[in-house]
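**Student:** The following file, my_file34.txt, comprises compact mmCIF, C-alpha atoms:
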# COMPACT_ATOMS: atom_id res chain seq x y z
CA MET B 28 127.55 93.26 123.13
CA ASP B 29 126.79 93.85 119.46
CA THR B 30 125.55 90.99 117.32
CA TYR B 31 125.69 90.88 113.55
CA VAL B 32 122.97 89.60 111.27
CA ALA B 33 123.66 88.82 107.61
CA ILE B 34 121.03 90.48 105.42
CA HIS B 35 121.47 90.12 101.65
CA GLY B 36 125.20 89.65 102.08
CA LYS B 37 125.65 92.61 104.42
CA ASN B 38 126.59 92.37 108.12
CA ILE B 39 124.12 94.56 109.98
CA SER B 40 124.90 95.50 113.57
CA HIS B 41 122.00 94.82 115.91
CA ASN B 42 121.87 95.58 119.62
CA PRO B 43 118.31 95.73 121.00
CA LEU B 44 119.49 96.87 124.44
CA SER B 45 121.43 99.92 123.28
CA SER B 46 119.60 103.14 124.11
CA SER B 47 121.46 105.04 121.39
CA GLN B 48 120.09 102.62 118.78
CA ALA B 49 116.47 102.84 119.94
CA MET B 50 113.89 104.11 117.49
CA SER B 51 113.65 107.87 117.98
CA ILE B 52 110.00 108.07 119.00
CA ASP B 53 110.79 111.18 121.05
CA LYS B 54 111.68 112.98 117.81
CA LEU B 55 108.46 111.98 116.06
CA PHE B 56 106.27 114.66 117.66
CA PRO B 57 108.60 117.54 116.69
CA ALA B 58 108.68 116.16 113.13
CA LEU B 59 104.88 115.96 113.00
CA LEU B 60 104.61 119.46 114.46
CA GLU B 61 107.04 120.71 111.82
CA CYS B 62 105.05 119.17 108.97
CA PHE B 63 101.50 119.93 110.03
CA GLY B 64 102.40 123.26 111.61
CA ILE B 65 103.77 124.57 108.30
CA ILE B 66 100.76 123.11 106.46
CA LEU B 67 98.46 124.93 108.89
CA CYS B 68 100.35 128.19 108.35
CA GLY B 69 99.87 127.80 104.60
CA TYR B 70 96.17 127.08 105.03
CA ILE B 71 95.69 130.13 107.26
CA ALA B 72 97.59 132.32 104.79
CA GLY B 73 95.33 131.15 101.97
CA ARG B 74 92.10 131.32 103.97
CA THR B 75 92.78 134.90 105.11
CA ASP B 76 93.95 135.99 101.62
CA ILE B 77 97.41 136.89 102.86
CA ILE B 78 98.56 134.96 99.80
CA THR B 79 96.32 135.03 96.72
CA SER B 80 95.63 132.11 94.39
CA CYS B 81 97.96 133.60 91.75
CA GLN B 82 100.77 133.93 94.27
CA ALA B 83 100.12 130.36 95.45
CA LYS B 84 100.40 129.15 91.86
CA GLY B 85 103.79 130.85 91.59
CA LEU B 86 104.96 129.13 94.77
CA GLY B 87 103.73 125.80 93.40
CA ASN B 88 105.69 126.33 90.20
CA PHE B 89 108.83 127.12 92.19
CA VAL B 90 108.44 123.95 94.27
CA SER B 91 107.77 121.61 91.34
CA LYS B 92 110.07 123.14 88.72
CA PHE B 93 113.06 124.31 90.76
CA ALA B 94 113.25 123.11 94.37
CA LEU B 95 112.21 119.46 93.94
CA PRO B 96 114.28 118.86 90.77
CA ALA B 97 117.33 120.31 92.55
CA LEU B 98 116.69 118.09 95.57
CA LEU B 99 116.42 114.97 93.40
CA PHE B 100 119.48 115.91 91.35
CA LYS B 101 121.56 116.39 94.50
CA ASN B 102 120.54 113.07 96.02
CA MET B 103 120.92 111.11 92.78
CA VAL B 104 124.50 112.38 92.51
CA VAL B 105 125.57 111.55 96.08
CA LEU B 106 123.50 108.37 96.50
CA ASP B 107 125.54 105.27 97.34
CA PHE B 108 123.99 102.50 95.23
CA ASN B 109 126.26 99.91 96.87
CA ASN B 110 124.32 100.20 100.13
CA VAL B 111 120.92 99.76 98.51
CA ILE B 112 119.13 96.51 99.36
CA TRP B 113 117.58 95.97 95.96
CA SER B 114 115.16 93.24 97.04
CA PHE B 115 113.66 95.68 99.55
CA LEU B 116 113.34 98.33 96.86
CA TRP B 117 111.76 95.85 94.45
CA SER B 118 109.21 94.82 97.07
CA ILE B 119 108.12 98.45 97.45
CA LEU B 120 107.85 98.88 93.68
CA ILE B 121 105.88 95.65 93.27
CA ALA B 122 103.46 96.82 95.96
CA LYS B 123 102.99 100.14 94.15
CA VAL B 124 102.45 98.42 90.80
CA SER B 125 99.93 96.03 92.39
CA VAL B 126 97.91 98.92 93.82
CA PHE B 127 98.10 100.76 90.49
CA VAL B 128 96.83 97.75 88.52
CA LEU B 129 94.10 96.96 91.06
CA VAL B 130 92.72 100.50 91.08
CA CYS B 131 92.94 100.72 87.29
CA VAL B 132 91.07 97.44 86.72
CA LEU B 133 88.36 98.21 89.28
CA THR B 134 87.83 101.70 87.86
CA LEU B 135 87.53 100.36 84.32
CA ALA B 136 84.98 97.83 85.59
CA VAL B 137 82.69 100.20 87.52
CA ALA B 138 83.15 103.68 86.00
CA SER B 139 80.74 105.09 83.44
CA PRO B 140 81.80 104.63 79.78
CA GLU B 141 81.89 108.41 79.22
CA SER B 142 84.92 108.88 81.47
CA ARG B 143 86.12 105.33 82.14
CA TYR B 144 89.67 105.63 80.82
CA SER B 145 90.48 109.07 82.20
CA LYS B 146 89.24 108.08 85.66
CA ALA B 147 91.22 104.82 85.51
CA GLY B 148 94.40 106.74 84.71
CA LEU B 149 93.91 109.52 87.25
CA TYR B 150 92.68 107.32 90.10
CA SER B 151 95.59 104.92 89.61
CA ILE B 152 98.05 107.83 89.81
CA PHE B 153 96.31 109.20 92.91
CA ALA B 154 96.43 105.79 94.62
CA THR B 155 100.19 105.39 94.13
CA GLN B 156 101.36 108.99 94.35
CA SER B 157 102.32 110.35 97.76
CA ASN B 158 104.11 113.34 99.23
CA ASP B 159 107.22 111.31 100.03
CA PHE B 160 109.65 114.21 100.14
CA ALA B 161 107.87 116.95 102.09
CA LEU B 162 105.92 114.71 104.50
CA GLY B 163 107.70 111.37 104.38
CA TYR B 164 111.31 112.50 104.76
CA PRO B 165 110.99 114.38 108.12
CA ILE B 166 109.00 111.52 109.67
CA VAL B 167 111.32 108.74 108.45
CA ASP B 168 114.32 110.82 109.48
CA ALA B 169 112.91 111.33 112.98
CA LEU B 170 112.11 107.63 113.46
CA TYR B 171 115.14 105.94 111.88
CA ARG B 172 117.99 108.47 111.96
CA ASN B 173 119.80 106.51 114.71
CA THR B 174 118.83 102.95 113.76
CA HIS B 175 118.53 102.83 109.97
CA PRO B 176 119.68 106.09 108.35
CA GLU B 177 119.94 104.25 105.03
CA TYR B 178 116.13 104.11 104.87
CA LEU B 179 116.09 107.75 103.77
CA GLN B 180 117.70 106.95 100.43
CA TYR B 181 114.78 104.73 99.43
CA ILE B 182 112.52 107.79 99.37
CA TYR B 183 114.67 109.23 96.60
CA LEU B 184 114.66 105.95 94.68
CA VAL B 185 110.98 104.98 94.87
CA ALA B 186 109.36 108.32 94.01
CA PRO B 187 111.20 108.92 90.69
CA VAL B 188 110.37 105.39 89.53
CA SER B 189 106.69 106.11 90.11
CA LEU B 190 107.01 109.31 88.08
CA MET B 191 108.78 107.59 85.19
CA LEU B 192 107.00 104.22 85.17
CA LEU B 193 103.48 104.42 86.61
CA ASN B 194 102.43 107.99 85.87
CA PRO B 195 103.05 107.68 82.10
CA ILE B 196 100.67 104.71 82.02
CA GLY B 197 98.04 106.84 83.73
CA PHE B 198 98.66 109.67 81.25
CA ALA B 199 98.25 107.18 78.41
CA PHE B 200 94.77 106.27 79.67
CA CYS B 201 93.88 109.98 79.75
CA GLU B 202 95.05 110.34 76.14
CA VAL B 203 92.95 107.33 75.14
CA GLN B 204 89.94 109.05 76.72
CA LYS B 205 90.64 112.21 74.68
CA TRP B 206 90.87 110.09 71.54
CA LYS B 207 87.51 108.44 72.31
CA ASP B 208 85.88 111.80 73.08
CA HIS B 209 87.14 113.26 69.77
CA PRO B 210 87.33 110.42 67.23
CA GLU B 211 87.53 112.93 64.37
CA ARG B 212 91.09 113.79 65.41
CA GLN B 213 92.28 110.36 64.16
CA GLN B 214 94.88 110.04 66.88
CA GLY B 215 96.70 106.73 66.44
CA LYS B 216 98.56 104.62 68.96
CA LEU B 217 101.93 106.02 67.96
CA GLN B 218 100.62 109.55 68.43
CA ILE B 219 99.39 108.68 71.94
CA ILE B 220 102.77 107.18 72.83
CA ARG B 221 104.55 110.25 71.45
CA VAL B 222 102.38 112.63 73.49
CA VAL B 223 102.90 110.63 76.69
CA LEU B 224 106.67 110.40 76.21
CA LEU B 225 106.83 114.12 75.48
CA GLN B 226 104.92 114.87 78.69
CA VAL B 227 107.30 112.71 80.69
CA LEU B 228 110.46 114.18 79.16
CA LYS B 229 109.17 117.75 79.63
CA ASN B 230 108.70 117.07 83.34
CA PRO B 231 111.63 118.82 85.10
CA ILE B 232 111.54 116.26 87.92
CA VAL B 233 112.07 113.32 85.55
CA PHE B 234 114.66 115.27 83.56
CA MET B 235 116.74 116.13 86.62
CA VAL B 236 116.56 112.55 87.92
CA VAL B 237 118.07 111.33 84.63
CA VAL B 238 120.70 114.09 84.72
CA GLY B 239 121.45 113.25 88.36
CA ILE B 240 121.97 109.54 87.63
CA VAL B 241 124.30 110.35 84.72
CA SER B 242 126.18 112.87 86.88
CA HIS B 243 126.48 110.26 89.63
CA PHE B 244 128.83 108.22 87.47
CA VAL B 245 130.48 111.13 85.65
CA LEU B 246 131.24 113.21 88.76
CA GLY B 247 132.10 110.33 91.09
CA GLN B 248 129.27 110.82 93.62
CA ARG B 249 130.22 114.42 94.33
CA ILE B 250 128.74 117.73 93.23
CA PRO B 251 131.45 120.15 92.03
CA ALA B 252 132.31 122.81 94.61
CA VAL B 253 131.36 125.62 92.24
CA MET B 254 127.79 124.23 92.01
CA GLU B 255 127.38 122.81 95.51
CA GLU B 256 126.11 125.94 97.29
CA PHE B 257 123.71 126.75 94.45
CA VAL B 258 122.23 123.24 94.39
CA ASP B 259 122.04 123.09 98.19
CA GLY B 260 120.24 126.42 98.31
CA LEU B 261 117.52 125.24 95.96
CA ALA B 262 117.29 121.75 97.47
CA ASN B 263 117.06 122.99 101.06
CA SER B 264 114.22 125.35 100.15
CA PHE B 265 111.97 122.47 99.15
CA GLY B 266 110.72 121.14 102.50
CA GLY B 267 109.15 124.25 104.00
CA ALA B 268 107.95 125.65 100.68
CA ALA B 269 106.27 122.36 99.69
CA LEU B 270 104.47 122.00 103.02
CA PHE B 271 103.36 125.64 102.96
CA TYR B 272 102.06 125.21 99.41
CA LEU B 273 100.21 122.06 100.46
CA GLY B 274 98.36 124.11 103.06
CA LEU B 275 97.60 126.81 100.49
CA SER B 276 96.22 124.28 98.02
CA MET B 277 93.78 122.90 100.60
CA VAL B 278 91.85 126.17 100.82
CA GLY B 279 88.34 125.81 99.39
CA GLN B 280 88.74 122.19 98.37
CA VAL B 281 86.32 120.68 100.90
CA GLY B 282 83.40 122.69 99.53
CA LYS B 283 84.01 121.27 96.05
CA LEU B 284 83.58 117.66 97.18
CA THR B 285 80.47 115.93 95.86
CA ARG B 286 79.10 112.67 97.19
CA SER B 287 80.62 110.62 94.38
CA THR B 288 83.97 112.41 94.71
CA GLY B 289 83.96 111.80 98.45
CA VAL B 290 83.30 108.08 97.97
CA ALA B 291 86.08 107.86 95.37
CA LEU B 292 88.45 109.69 97.73
CA ILE B 293 87.70 107.29 100.59
CA LEU B 294 88.25 104.28 98.32
CA LEU B 295 91.56 105.67 97.05
CA ILE B 296 92.78 106.31 100.59
CA THR B 297 91.76 102.76 101.50
CA ALA B 298 93.73 101.42 98.53
CA LYS B 299 96.78 103.36 99.73
CA LEU B 300 96.50 101.82 103.18
Would you kindly transcribe this structure into structure tokens?

**Tutor:**
Amino acid sequence: MDTYVAIHGKNISHNPLSSSQAMSIDKLFPALLECFGIILCGYIAGRTDIITSCQAKGLGNFVSKFALPALLFKNMVVLDFNNVIWSFLWSILIAKVSVFVLVCVLTLAVASPESRYSKAGLYSIFATQSNDFALGYPIVDALYRNTHPEYLQYIYLVAPVSLMLLNPIGFAFCEVQKWKDHPERQQGKLQIIRVVLLQVLKNPIVFMVVVGIVSHFVLGQRIPAVMEEFVDGLANSFGGAALFYLGLSMVGQVGKLTRSTGVALILLITAKL
């Protein structure tokens, strides 16, 4: 017999004995195989020079400037904001902001003065940025498709906020470092803010998120039929292409790691956990 639990004003059905509502652990391994298998294929293609570095750069541009913006646009349009538990979303964002601030403060405290601000900005971005779409979506979908399918929409809500809120702060620290390295340029605070805002607005991911939110209300949560196939084609190409590119981008990176870089990487991964 189903029982109902009131969570934030919503009646959520809960039946722990129902086999159909059990967490889909059996689907986790195929999802992991999908993700890491495609990454491995990309790595092998790069290692054996089947795909050159120039070709890999082109694939990366396609993923970041076409496929991912289309995916975000599509999901911003069709997203049902009425089913979003905002307190849950805020808790995730507060956790991300806390990690960002912690990493930033610690980096400013221990980094050398020559690169203190740039490292603080970049490390803070690295600690809060994650591959939510290519890696996170298949795993969350496999685990919670039957029990909590609404969890998937939080991936599309959290990642854009990081891009529009946290990353610009990190970019601002990098601009401050440039200003300190070249004091003769006389770059004021307003100039730094202008450069950072321009970088954010020029980002196709941020731009399409804004367009998607506006279209959500203008189009009534539905993509016009004349555009639907086009948008779906670009959006559906993201998953495999992004994972393949991730494998390509890993080629030759281990050899570039120095001791200090390795320590910083371990600390950043620890901060993520």

**Student:** Which residues of segment 165-240 of chain B sit at most 10 Å from segment 119-131 of chain B, using only C-alpha atoms? Give each one's shortest atom pair and distance in Å (one decimal place), in chain and ascending residue order, as JSON lines.

**Tutor:**
{"residue": "B:Tyr181", "atom": "CA", "partner": "B:Ile119", "partner_atom": "CA", "distance": 9.4}
{"residue": "B:Leu184", "atom": "CA", "partner": "B:Leu120", "partner_atom": "CA", "distance": 9.9}
{"residue": "B:Val185", "atom": "CA", "partner": "B:Leu120", "partner_atom": "CA", "distance": 7.0}
{"residue": "B:Ala186", "atom": "CA", "partner": "B:Leu120", "partner_atom": "CA", "distance": 9.6}
{"residue": "B:Val188", "atom": "CA", "partner": "B:Leu120", "partner_atom": "CA", "distance": 8.1}
{"residue": "B:Ser189", "atom": "CA", "partner": "B:Lys123", "partner_atom": "CA", "distance": 8.1}
{"residue": "B:Leu192", "atom": "CA", "partner": "B:Val124", "partner_atom": "CA", "distance": 9.3}
{"residue": "B:Leu193", "atom": "CA", "partner": "B:Val124", "partner_atom": "CA", "distance": 7.4}
{"residue": "B:Asn194", "atom": "CA", "partner": "B:Phe127", "partner_atom": "CA", "distance": 9.6}
{"residue": "B:Ile196", "atom": "CA", "partner": "B:Phe127", "partner_atom": "CA", "distance": 9.7}
{"residue": "B:Gly197", "atom": "CA", "partner": "B:Cys131", "partner_atom": "CA", "distance": 8.7}
{"residue": "B:Phe200", "atom": "CA", "partner": "B:Cys131", "partner_atom": "CA", "distance": 9.6}

**Student:** Enumerate, as a tab-separated table (two decimals) with C-alpha atoms, keeping the file's coordinate frame, the protein, DNA and RNA residues whose atoms approach (108.8, 108.9, 76.9) to within 12 Å, taking into account all atoms listed in the file and the coordinate frame of the file.

**Tutor:**
chain	number	residue	atom	x	y	z
B	190	LEU	CA	107.01	109.31	88.08
B	191	MET	CA	108.78	107.59	85.19
B	192	LEU	CA	107.00	104.22	85.17
B	193	LEU	CA	103.48	104.42	86.61
B	194	ASN	CA	102.43	107.99	85.87
B	195	PRO	CA	103.05	107.68	82.10
B	196	ILE	CA	100.67	104.71	82.02
B	198	PHE	CA	98.66	109.67	81.25
B	199	ALA	CA	98.25	107.18	78.41
B	217	LEU	CA	101.93	106.02	67.96
B	218	GLN	CA	100.62	109.55	68.43
B	219	ILE	CA	99.39	108.68	71.94
B	220	ILE	CA	102.77	107.18	72.83
B	221	ARG	CA	104.55	110.25	71.45
B	222	VAL	CA	102.38	112.63	73.49
B	223	VAL	CA	102.90	110.63	76.69
B	224	LEU	CA	106.67	110.40	76.21
B	225	LEU	CA	106.83	114.12	75.48
B	226	GLN	CA	104.92	114.87	78.69
B	227	VAL	CA	107.30	112.71	80.69
B	228	LEU	CA	110.46	114.18	79.16
B	229	LYS	CA	109.17	117.75	79.63
B	230	ASN	CA	108.70	117.07	83.34
B	233	VAL	CA	112.07	113.32	85.55
B	234	PHE	CA	114.66	115.27	83.56

**Student:** Grab the atom CA of Ser145 of chain B to atom CA of Gln204 of chain B distance for me, in Å with one decimal place.

**Tutor:**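 Answer for the atom CA of Ser145 of chain B to atom CA of Gln204 of chain B separation: 5.5 Å.
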
**Student:** For Ala58 of chain B, which of B:Leu179, B:Ile250, B:Ala169, B:Ala269 is the closest residue, counting all atoms listed in the file?

**Tutor:**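 Under the stated criterion, the closest residue is B:Ala169.
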
**Student:** Between atom CA of Phe108 of chain B and atom CA of Val236 of chain B, measure the distance and give it in Å to one decimal.

**Tutor:**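 For atom CA of Phe108 of chain B relative to atom CA of Val236 of chain B, the distance reads 14.5 Å.
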
**Student:** Find the residues with any atom within 7 Å of (115.7, 120.3, 96.5); use all atoms listed in the file and the coordinates as given in the file, and write the answer as a list of chain:residue names.

**Tutor:**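 Here the neighbourhood of the point contains B:Ala94, B:Leu95, B:Pro96, B:Ala97, B:Leu98, B:Leu99, B:Leu261, B:Ala262, B:Asn263, B:Ser264, B:Phe265.
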
**Student:** In Å, with one decimal, what is the gap from atom CA of Thr134 of chain B to atom CA of Ala147 of chain B?

**Tutor:**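 Pair atom CA of Thr134 of chain B / atom CA of Ala147 of chain B returns 5.2 Å.
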
**Student:** Might you pull out every residue within 9 Å of Met103 of chain B, with all atoms listed in the file counted and same-chain residues fewer than 5 positions away left off, and present them as a list in words?

**Tutor:** Leu98, Tyr183, Leu184, Met235, Val236, Val237, Val238, Gly239, Ile240, Val241, Ser242, His243 and Gln248 of chain B

**Student:** Determine the nearest neighbour of Pro165 of chain B from the options B:Cys62, B:Leu116, B:Leu273, B:Val137, counting only C-alpha atoms.

**Tutor:**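 Once distances to Pro165 of chain B are computed over only C-alpha atoms, the minimum belongs to B:Cys62.
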
**Student:** Considering all atoms listed in the file, can you say which of B:Arg74, B:Lys205, B:Lys146, B:Lys54 comes closest to Gly279 of chain B?

**Tutor:**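 The closest residue to Gly279 of chain B is B:Arg74.
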
**Student:** What's the 12 Å shell around Leu86 of chain B, counting all atoms listed in the file, without same-chain residues fewer than 6 positions away, as a ChimeraX atom specification?

**Tutor:** /B:69,78-80,92-94,264-265,267-276
